[in-house]
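Asker: Here you go, entry38.txt (compact mmCIF, N, CA, C and O atoms):
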# COMPACT_ATOMS: atom_id res chain seq x y z
N MET A 1 28.20 102.19 151.12
CA MET A 1 27.19 103.20 150.95
C MET A 1 25.98 102.83 151.81
O MET A 1 25.52 101.69 151.79
N GLU A 2 25.52 103.80 152.58
CA GLU A 2 24.31 103.63 153.40
C GLU A 2 23.38 104.80 153.07
O GLU A 2 23.81 105.94 152.97
N THR A 3 22.09 104.51 152.95
CA THR A 3 21.10 105.53 152.63
C THR A 3 19.95 105.46 153.61
O THR A 3 19.55 104.37 154.01
N THR A 4 19.44 106.62 153.97
CA THR A 4 18.25 106.70 154.80
C THR A 4 17.47 107.94 154.38
O THR A 4 17.98 108.79 153.65
N SER A 5 16.24 108.03 154.83
CA SER A 5 15.44 109.22 154.53
C SER A 5 14.83 109.74 155.82
O SER A 5 14.61 108.99 156.77
N TYR A 6 14.60 111.05 155.85
CA TYR A 6 14.05 111.72 157.02
C TYR A 6 12.82 112.53 156.61
O TYR A 6 12.76 113.06 155.51
N ARG A 7 11.87 112.62 157.52
CA ARG A 7 10.69 113.45 157.31
C ARG A 7 10.98 114.84 157.83
O ARG A 7 10.33 115.33 158.75
N SER A 8 12.01 115.46 157.28
CA SER A 8 12.43 116.81 157.64
C SER A 8 12.81 117.55 156.37
O SER A 8 13.26 116.93 155.41
N PRO A 9 12.69 118.89 156.37
CA PRO A 9 13.08 119.65 155.17
C PRO A 9 14.59 119.60 154.92
O PRO A 9 15.39 119.38 155.83
N PHE A 10 14.96 119.84 153.68
CA PHE A 10 16.35 119.77 153.24
C PHE A 10 17.27 120.66 154.08
O PHE A 10 18.34 120.24 154.49
N GLU A 11 16.87 121.90 154.33
CA GLU A 11 17.72 122.85 155.05
C GLU A 11 18.08 122.35 156.45
O GLU A 11 19.21 122.49 156.89
N LYS A 12 17.11 121.77 157.14
CA LYS A 12 17.35 121.27 158.49
C LYS A 12 18.33 120.10 158.47
O LYS A 12 19.29 120.05 159.26
N VAL A 13 18.15 119.15 157.56
CA VAL A 13 19.04 118.00 157.46
C VAL A 13 20.44 118.45 157.06
O VAL A 13 21.44 117.99 157.62
N TYR A 14 20.54 119.40 156.13
CA TYR A 14 21.84 119.90 155.68
C TYR A 14 22.59 120.57 156.83
O TYR A 14 23.76 120.29 157.06
N ARG A 15 21.93 121.45 157.57
CA ARG A 15 22.56 122.15 158.69
C ARG A 15 23.01 121.18 159.77
O ARG A 15 24.12 121.26 160.29
N ARG A 16 22.14 120.24 160.14
CA ARG A 16 22.48 119.29 161.20
C ARG A 16 23.61 118.35 160.78
O ARG A 16 24.44 117.98 161.59
N THR A 17 23.62 117.95 159.52
CA THR A 17 24.70 117.09 159.03
C THR A 17 26.03 117.81 159.09
O THR A 17 27.03 117.26 159.58
N LYS A 18 26.06 119.05 158.64
CA LYS A 18 27.28 119.84 158.66
C LYS A 18 27.77 120.04 160.10
O LYS A 18 28.95 119.88 160.39
N HIS A 19 26.87 120.37 160.99
CA HIS A 19 27.23 120.58 162.40
C HIS A 19 27.75 119.29 163.03
O HIS A 19 28.73 119.31 163.79
N THR A 20 27.13 118.16 162.74
CA THR A 20 27.55 116.88 163.29
C THR A 20 28.94 116.50 162.81
O THR A 20 29.76 116.02 163.59
N LEU A 21 29.22 116.72 161.54
CA LEU A 21 30.55 116.43 161.01
C LEU A 21 31.62 117.24 161.74
O LEU A 21 32.65 116.70 162.16
N MET A 22 31.38 118.52 161.92
CA MET A 22 32.35 119.38 162.59
C MET A 22 32.50 118.99 164.06
O MET A 22 33.60 118.99 164.60
N LYS A 23 31.40 118.63 164.71
CA LYS A 23 31.43 118.24 166.11
C LYS A 23 32.24 116.96 166.32
O LYS A 23 32.88 116.78 167.36
N LYS A 24 32.22 116.05 165.35
CA LYS A 24 32.93 114.78 165.46
C LYS A 24 34.37 114.87 164.96
O LYS A 24 35.03 113.85 164.81
N GLY A 25 34.87 116.07 164.70
CA GLY A 25 36.28 116.25 164.37
C GLY A 25 36.62 116.18 162.90
O GLY A 25 37.80 116.13 162.54
N PHE A 26 35.63 116.18 162.03
CA PHE A 26 35.89 116.18 160.59
C PHE A 26 36.11 117.61 160.11
O PHE A 26 35.50 118.55 160.61
N VAL A 27 36.98 117.76 159.12
CA VAL A 27 37.19 119.05 158.46
C VAL A 27 36.48 118.96 157.12
O VAL A 27 36.74 118.07 156.32
N ILE A 28 35.58 119.89 156.89
CA ILE A 28 34.81 119.89 155.65
C ILE A 28 35.67 120.52 154.56
O ILE A 28 36.03 121.69 154.64
N THR A 29 36.02 119.72 153.55
CA THR A 29 36.89 120.20 152.48
C THR A 29 36.11 120.69 151.28
O THR A 29 36.64 121.47 150.49
N GLU A 30 34.89 120.23 151.13
CA GLU A 30 34.06 120.66 150.01
C GLU A 30 32.62 120.77 150.49
O GLU A 30 32.11 119.87 151.14
N ASP A 31 32.00 121.90 150.17
CA ASP A 31 30.65 122.17 150.63
C ASP A 31 29.85 122.76 149.49
O ASP A 31 30.04 123.90 149.12
N LYS A 32 28.97 121.96 148.92
CA LYS A 32 28.10 122.42 147.83
C LYS A 32 26.67 122.33 148.33
O LYS A 32 26.07 121.27 148.33
N SER A 33 26.13 123.45 148.77
CA SER A 33 24.80 123.43 149.38
C SER A 33 23.67 123.24 148.36
O SER A 33 22.62 122.72 148.70
N LYS A 34 23.86 123.66 147.13
CA LYS A 34 22.78 123.50 146.15
C LYS A 34 22.54 122.04 145.79
O LYS A 34 21.43 121.57 145.91
N PRO A 35 23.54 121.27 145.38
CA PRO A 35 23.22 119.85 145.18
C PRO A 35 23.19 119.07 146.49
O PRO A 35 22.71 117.95 146.53
N GLY A 36 23.73 119.64 147.57
CA GLY A 36 23.73 118.95 148.86
C GLY A 36 24.82 117.92 149.00
O GLY A 36 24.56 116.79 149.38
N VAL A 37 26.06 118.30 148.69
CA VAL A 37 27.20 117.39 148.80
C VAL A 37 28.19 117.96 149.81
O VAL A 37 28.60 119.11 149.70
N LEU A 38 28.56 117.15 150.80
CA LEU A 38 29.57 117.51 151.77
C LEU A 38 30.67 116.46 151.71
O LEU A 38 30.39 115.27 151.76
N ILE A 39 31.92 116.92 151.60
CA ILE A 39 33.06 116.02 151.66
C ILE A 39 33.87 116.41 152.88
O ILE A 39 34.26 117.57 153.03
N ALA A 40 34.10 115.44 153.77
CA ALA A 40 34.77 115.72 155.03
C ALA A 40 35.90 114.72 155.25
O ALA A 40 35.81 113.57 154.84
N VAL A 41 36.95 115.19 155.94
CA VAL A 41 38.13 114.39 156.18
C VAL A 41 38.49 114.48 157.66
O VAL A 41 38.40 115.55 158.26
N ARG A 42 38.87 113.35 158.23
CA ARG A 42 39.43 113.35 159.58
C ARG A 42 40.77 112.62 159.51
O ARG A 42 40.85 111.49 159.05
N LYS A 43 41.82 113.31 159.97
CA LYS A 43 43.16 112.74 159.91
C LYS A 43 43.30 111.60 160.90
O LYS A 43 42.63 111.56 161.92
N GLY A 44 44.21 110.71 160.59
CA GLY A 44 44.46 109.57 161.46
C GLY A 44 45.24 109.97 162.70
O GLY A 44 45.95 110.96 162.73
N THR A 45 45.08 109.19 163.74
CA THR A 45 45.82 109.37 164.98
C THR A 45 46.52 108.05 165.31
O THR A 45 46.47 107.11 164.53
N LEU A 46 47.10 107.98 166.47
CA LEU A 46 47.79 106.77 166.87
C LEU A 46 46.83 105.57 166.96
O LEU A 46 47.17 104.46 166.58
N PHE A 47 45.61 105.82 167.44
CA PHE A 47 44.65 104.73 167.65
C PHE A 47 43.53 104.67 166.62
O PHE A 47 42.79 103.70 166.57
N LYS A 48 43.36 105.70 165.81
CA LYS A 48 42.26 105.74 164.84
C LYS A 48 42.79 105.95 163.43
O LYS A 48 43.71 106.74 163.21
N ALA A 49 42.20 105.26 162.47
CA ALA A 49 42.56 105.43 161.06
C ALA A 49 41.96 106.73 160.52
O ALA A 49 40.97 107.24 161.06
N SER A 50 42.56 107.24 159.47
CA SER A 50 41.99 108.43 158.82
C SER A 50 40.68 108.03 158.14
O SER A 50 40.50 106.88 157.74
N ARG A 51 39.78 109.00 158.03
CA ARG A 51 38.47 108.71 157.43
C ARG A 51 38.08 109.82 156.47
O ARG A 51 38.28 110.99 156.75
N ASN A 52 37.53 109.43 155.35
CA ASN A 52 36.99 110.35 154.37
C ASN A 52 35.51 110.03 154.20
O ASN A 52 35.17 108.88 153.94
N LEU A 53 34.67 111.03 154.32
CA LEU A 53 33.23 110.83 154.14
C LEU A 53 32.73 111.72 153.02
O LEU A 53 33.14 112.88 152.91
N ARG A 54 31.85 111.18 152.21
CA ARG A 54 31.13 111.98 151.22
C ARG A 54 29.66 111.78 151.54
O ARG A 54 29.14 110.67 151.49
N VAL A 55 29.00 112.88 151.88
CA VAL A 55 27.60 112.83 152.27
C VAL A 55 26.79 113.55 151.19
O VAL A 55 27.06 114.71 150.87
N VAL A 56 25.81 112.86 150.64
CA VAL A 56 24.94 113.42 149.60
C VAL A 56 23.54 113.56 150.18
O VAL A 56 22.96 112.57 150.64
N ILE A 57 23.03 114.79 150.17
CA ILE A 57 21.71 115.08 150.72
C ILE A 57 20.81 115.49 149.56
O ILE A 57 21.14 116.43 148.82
N GLU A 58 19.70 114.79 149.39
CA GLU A 58 18.81 115.04 148.26
C GLU A 58 17.39 115.31 148.74
O GLU A 58 16.94 114.70 149.71
N ILE A 59 16.71 116.18 148.03
CA ILE A 59 15.32 116.49 148.34
C ILE A 59 14.42 115.44 147.71
O ILE A 59 14.50 115.17 146.51
N ILE A 60 13.57 114.82 148.53
CA ILE A 60 12.57 113.88 148.01
C ILE A 60 11.31 114.67 147.67
O ILE A 60 10.79 114.59 146.57
N ASP A 61 10.81 115.42 148.64
CA ASP A 61 9.75 116.40 148.42
C ASP A 61 9.95 117.51 149.45
O ASP A 61 10.99 117.55 150.10
N GLU A 62 9.01 118.41 149.62
CA GLU A 62 9.26 119.55 150.52
C GLU A 62 9.37 119.18 151.99
O GLU A 62 9.94 119.93 152.77
N THR A 63 8.90 118.02 152.38
CA THR A 63 9.01 117.61 153.79
C THR A 63 9.86 116.38 154.01
O THR A 63 9.97 115.90 155.14
N SER A 64 10.49 115.84 152.96
CA SER A 64 11.31 114.64 153.10
C SER A 64 12.66 114.83 152.43
O SER A 64 12.76 115.48 151.39
N THR A 65 13.68 114.24 153.04
CA THR A 65 15.05 114.38 152.55
C THR A 65 15.76 113.04 152.64
O THR A 65 15.57 112.30 153.60
N SER A 66 16.58 112.75 151.65
CA SER A 66 17.37 111.53 151.62
C SER A 66 18.82 111.86 151.95
O SER A 66 19.36 112.86 151.50
N LEU A 67 19.47 110.99 152.73
CA LEU A 67 20.86 111.18 153.13
C LEU A 67 21.63 109.90 152.78
O LEU A 67 21.26 108.81 153.20
N THR A 68 22.68 110.04 151.97
CA THR A 68 23.51 108.91 151.57
C THR A 68 24.95 109.18 152.01
O THR A 68 25.47 110.26 151.78
N VAL A 69 25.58 108.19 152.64
CA VAL A 69 26.94 108.34 153.15
C VAL A 69 27.85 107.32 152.47
O VAL A 69 27.56 106.13 152.44
N TYR A 70 28.95 107.83 151.90
CA TYR A 70 30.01 107.00 151.32
C TYR A 70 31.25 107.22 152.18
O TYR A 70 31.54 108.35 152.56
N SER A 71 31.98 106.18 152.51
CA SER A 71 33.16 106.36 153.35
C SER A 71 34.35 105.58 152.84
O SER A 71 34.21 104.56 152.16
N GLU A 72 35.52 106.08 153.20
CA GLU A 72 36.77 105.40 152.96
C GLU A 72 37.59 105.56 154.22
O GLU A 72 37.60 106.62 154.83
N SER A 73 38.27 104.53 154.61
CA SER A 73 39.11 104.58 155.79
C SER A 73 40.51 104.14 155.40
O SER A 73 40.68 103.19 154.63
N GLY A 74 41.51 104.83 155.93
CA GLY A 74 42.88 104.48 155.62
C GLY A 74 43.32 103.22 156.34
O GLY A 74 42.70 102.78 157.30
N ASN A 75 44.40 102.63 155.87
CA ASN A 75 44.95 101.44 156.53
C ASN A 75 45.60 101.85 157.84
O ASN A 75 46.26 102.88 157.93
N HIS A 76 45.41 101.06 158.86
CA HIS A 76 45.93 101.38 160.18
C HIS A 76 46.28 100.09 160.89
O HIS A 76 45.59 99.08 160.73
N LEU A 77 47.32 100.13 161.70
CA LEU A 77 47.77 98.93 162.39
C LEU A 77 46.77 98.48 163.46
O LEU A 77 46.46 97.30 163.59
N LEU A 78 46.21 99.43 164.22
CA LEU A 78 45.30 99.08 165.32
C LEU A 78 43.82 99.19 164.95
O LEU A 78 43.02 98.39 165.38
N ASP A 79 43.47 100.19 164.18
CA ASP A 79 42.07 100.45 163.85
C ASP A 79 41.72 99.74 162.55
O ASP A 79 42.15 100.15 161.48
N LYS A 80 40.96 98.69 162.64
CA LYS A 80 40.64 97.86 161.46
C LYS A 80 39.30 98.23 160.82
O LYS A 80 38.75 97.44 160.07
N THR A 81 38.77 99.43 161.08
CA THR A 81 37.49 99.81 160.48
C THR A 81 37.60 100.04 158.98
O THR A 81 36.60 100.08 158.30
N GLY A 82 38.82 100.19 158.47
CA GLY A 82 39.00 100.34 157.02
C GLY A 82 38.48 99.14 156.27
O GLY A 82 38.09 99.23 155.12
N GLN A 83 38.48 97.99 156.91
CA GLN A 83 37.97 96.79 156.29
C GLN A 83 36.44 96.72 156.38
O GLN A 83 35.82 95.91 155.73
N LYS A 84 35.86 97.60 157.18
CA LYS A 84 34.41 97.59 157.39
C LYS A 84 33.84 98.99 157.20
O LYS A 84 33.37 99.61 158.14
N ASN A 85 33.92 99.53 155.98
CA ASN A 85 33.44 100.88 155.74
C ASN A 85 31.95 101.02 156.01
O ASN A 85 31.48 102.08 156.39
N ARG A 86 31.20 99.94 155.85
CA ARG A 86 29.76 100.01 156.14
C ARG A 86 29.51 100.29 157.61
O ARG A 86 28.51 100.88 157.98
N HIS A 87 30.43 99.86 158.47
CA HIS A 87 30.32 100.14 159.90
C HIS A 87 30.41 101.66 160.16
O HIS A 87 29.65 102.21 160.93
N ILE A 88 31.34 102.32 159.48
CA ILE A 88 31.51 103.77 159.61
C ILE A 88 30.26 104.48 159.11
O ILE A 88 29.75 105.40 159.75
N GLU A 89 29.75 104.07 157.97
CA GLU A 89 28.56 104.69 157.38
C GLU A 89 27.35 104.49 158.28
O GLU A 89 26.58 105.42 158.51
N GLY A 90 27.18 103.29 158.80
CA GLY A 90 26.06 102.99 159.69
C GLY A 90 26.12 103.81 160.97
O GLY A 90 25.09 104.28 161.46
N ASP A 91 27.32 103.97 161.52
CA ASP A 91 27.48 104.79 162.73
C ASP A 91 27.08 106.23 162.48
O ASP A 91 26.43 106.87 163.30
N PHE A 92 27.48 106.77 161.32
CA PHE A 92 27.13 108.16 161.01
C PHE A 92 25.62 108.31 160.81
O PHE A 92 25.02 109.27 161.30
N ILE A 93 25.00 107.36 160.13
CA ILE A 93 23.54 107.40 159.93
C ILE A 93 22.84 107.34 161.29
O ILE A 93 21.90 108.10 161.55
N ALA A 94 23.29 106.48 162.18
CA ALA A 94 22.67 106.37 163.51
C ALA A 94 22.85 107.66 164.30
O ALA A 94 21.92 108.12 164.99
N MET A 95 24.01 108.28 164.19
CA MET A 95 24.27 109.54 164.87
C MET A 95 23.35 110.64 164.35
O MET A 95 22.80 111.42 165.10
N MET A 96 23.15 110.68 163.01
CA MET A 96 22.29 111.70 162.42
C MET A 96 20.83 111.46 162.81
O MET A 96 20.08 112.40 163.02
N THR A 97 20.43 110.22 162.92
CA THR A 97 19.04 109.89 163.26
C THR A 97 18.69 110.42 164.66
O THR A 97 17.59 110.90 164.89
N THR A 98 19.63 110.37 165.58
CA THR A 98 19.37 110.88 166.92
C THR A 98 19.32 112.41 166.95
O THR A 98 18.72 112.99 167.83
N ARG A 99 19.94 113.08 165.97
CA ARG A 99 19.97 114.53 165.95
C ARG A 99 18.81 115.16 165.20
O ARG A 99 18.55 116.34 165.34
N ILE A 100 18.14 114.39 164.35
CA ILE A 100 17.05 114.98 163.55
C ILE A 100 15.71 114.58 164.13
O ILE A 100 15.49 113.55 164.57
Could you take the file, read its structure, and then write that structure out as structure tokens?
Answerer:
Amino acid sequence: METTSYRSPFEKVYRRTKHTLMKKGFVITEDKSKPGVLIAVRKGTLFKASRNLRVVIEIIDETSTSLTVYSESGNHLLDKTGQKNRHIEGDFIAMMTTRI
């Protein structure tokens, strides 16, 4: 689990998070905009393990938003990121930081 906060309104963070997930090849399987929960899945390939992300977006106040990422990675012969889920979460947080 990795958490960060942004000095941006909830709607902007929610839209950008959803767009970033789709751009990176994730399929959004569950989208609850009111509590701000996105569940996304990316299937495994020959070189990459499958990944499941649960992103929770919460309102701190009208100009600040919190983003928490939980991840799971499938077992894979070549891609060992399943043993380092914090690496996946940190990469997603860094990617979101550059977009907001």
Asker: Looking only at alpha helix (DSSP H) from DSSP on the backbone, list the matching residues of chain A as a list in words.
Answerer: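 Those residues are Phe10, Glu11, Lys12, Val13, Tyr14, Arg15, Arg16, Thr17, Lys18, His19, Thr20, Leu21, Met22, Lys23, Asn85, Arg86, His87, Ile88, Glu89, Gly90, Asp91, Phe92, Ile93, Ala94, Met95, Met96, Thr97, Thr98 and Arg99 of chain A.
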Asker: Could you work out how far atom N of A:Thr97 lies from atom C of A:Phe26, giving the answer in Å with one decimal?
Answerer: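 Separation between atom C of A:Phe26 and atom N of A:Thr97: 17.6 Å.
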Asker: Rank nothing, just name the residue among A:Phe10, A:Glu30, A:His19, A:Thr45 nearest to A:Asp61, using all atoms listed in the file.
Answerer: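 For A:Asp61, the nearest of the given residues is A:Phe10.
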Asker: Which residue out of A:Thr65, A:Thr20, A:Thr29, A:Ser71 has the minimum interatomic distance to A:Ser5 when all atoms listed in the file are used?
Answerer: A:Thr65
Asker: Write down as an MDAnalysis selection string the residues belonging to chain A that are assigned strand (DSSP E) by DSSP computed on the backbone.
Answerer: chainID A and resid 2:6 27:32 37:42 51:61 64:73
Asker: What is the distance, in Å and to one decimal place, between atom C of A:Ile88 and atom CA of A:Ser50?
Answerer: 12.4 Å
Asker: Find the distance between atom CA of A:Thr17 and atom CA of A:Arg54 and write it in Å to one decimal.
Answerer: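 Answer for the atom CA of A:Thr17 to atom CA of A:Arg54 separation: 11.3 Å.
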Asker: Residues near A:Ile100, anyone? I mean within 9 Å using only C-alpha atoms, not counting same-chain ones fewer than 3 positions away, as a list in words.
Answerer: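 Listed by chain and then number, they are Tyr6, Ser8, Lys12, Val13, Arg16, Met96 and Thr97 of chain A.
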Asker: Select, counting all atoms listed in the file, all protein, DNA and RNA residues no farther than 7 Å from (32.9, 110.5, 156.7) in file coordinates, and express the selection as a list in words.
Answerer: Ala40, Val41, Arg42, Arg51, Asn52, Leu53, Arg54, Val55, Tyr70, Ser71, Glu72 and Ile88 of chain A
Asker: Have a look at A:Lys43, A:Lys24, A:Lys48, A:Lys32 and name the one nearest to A:Asp91; count only C-alpha atoms.
Answerer: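 When distances to A:Asp91 are compared using only C-alpha atoms, the smallest one comes from A:Lys24.
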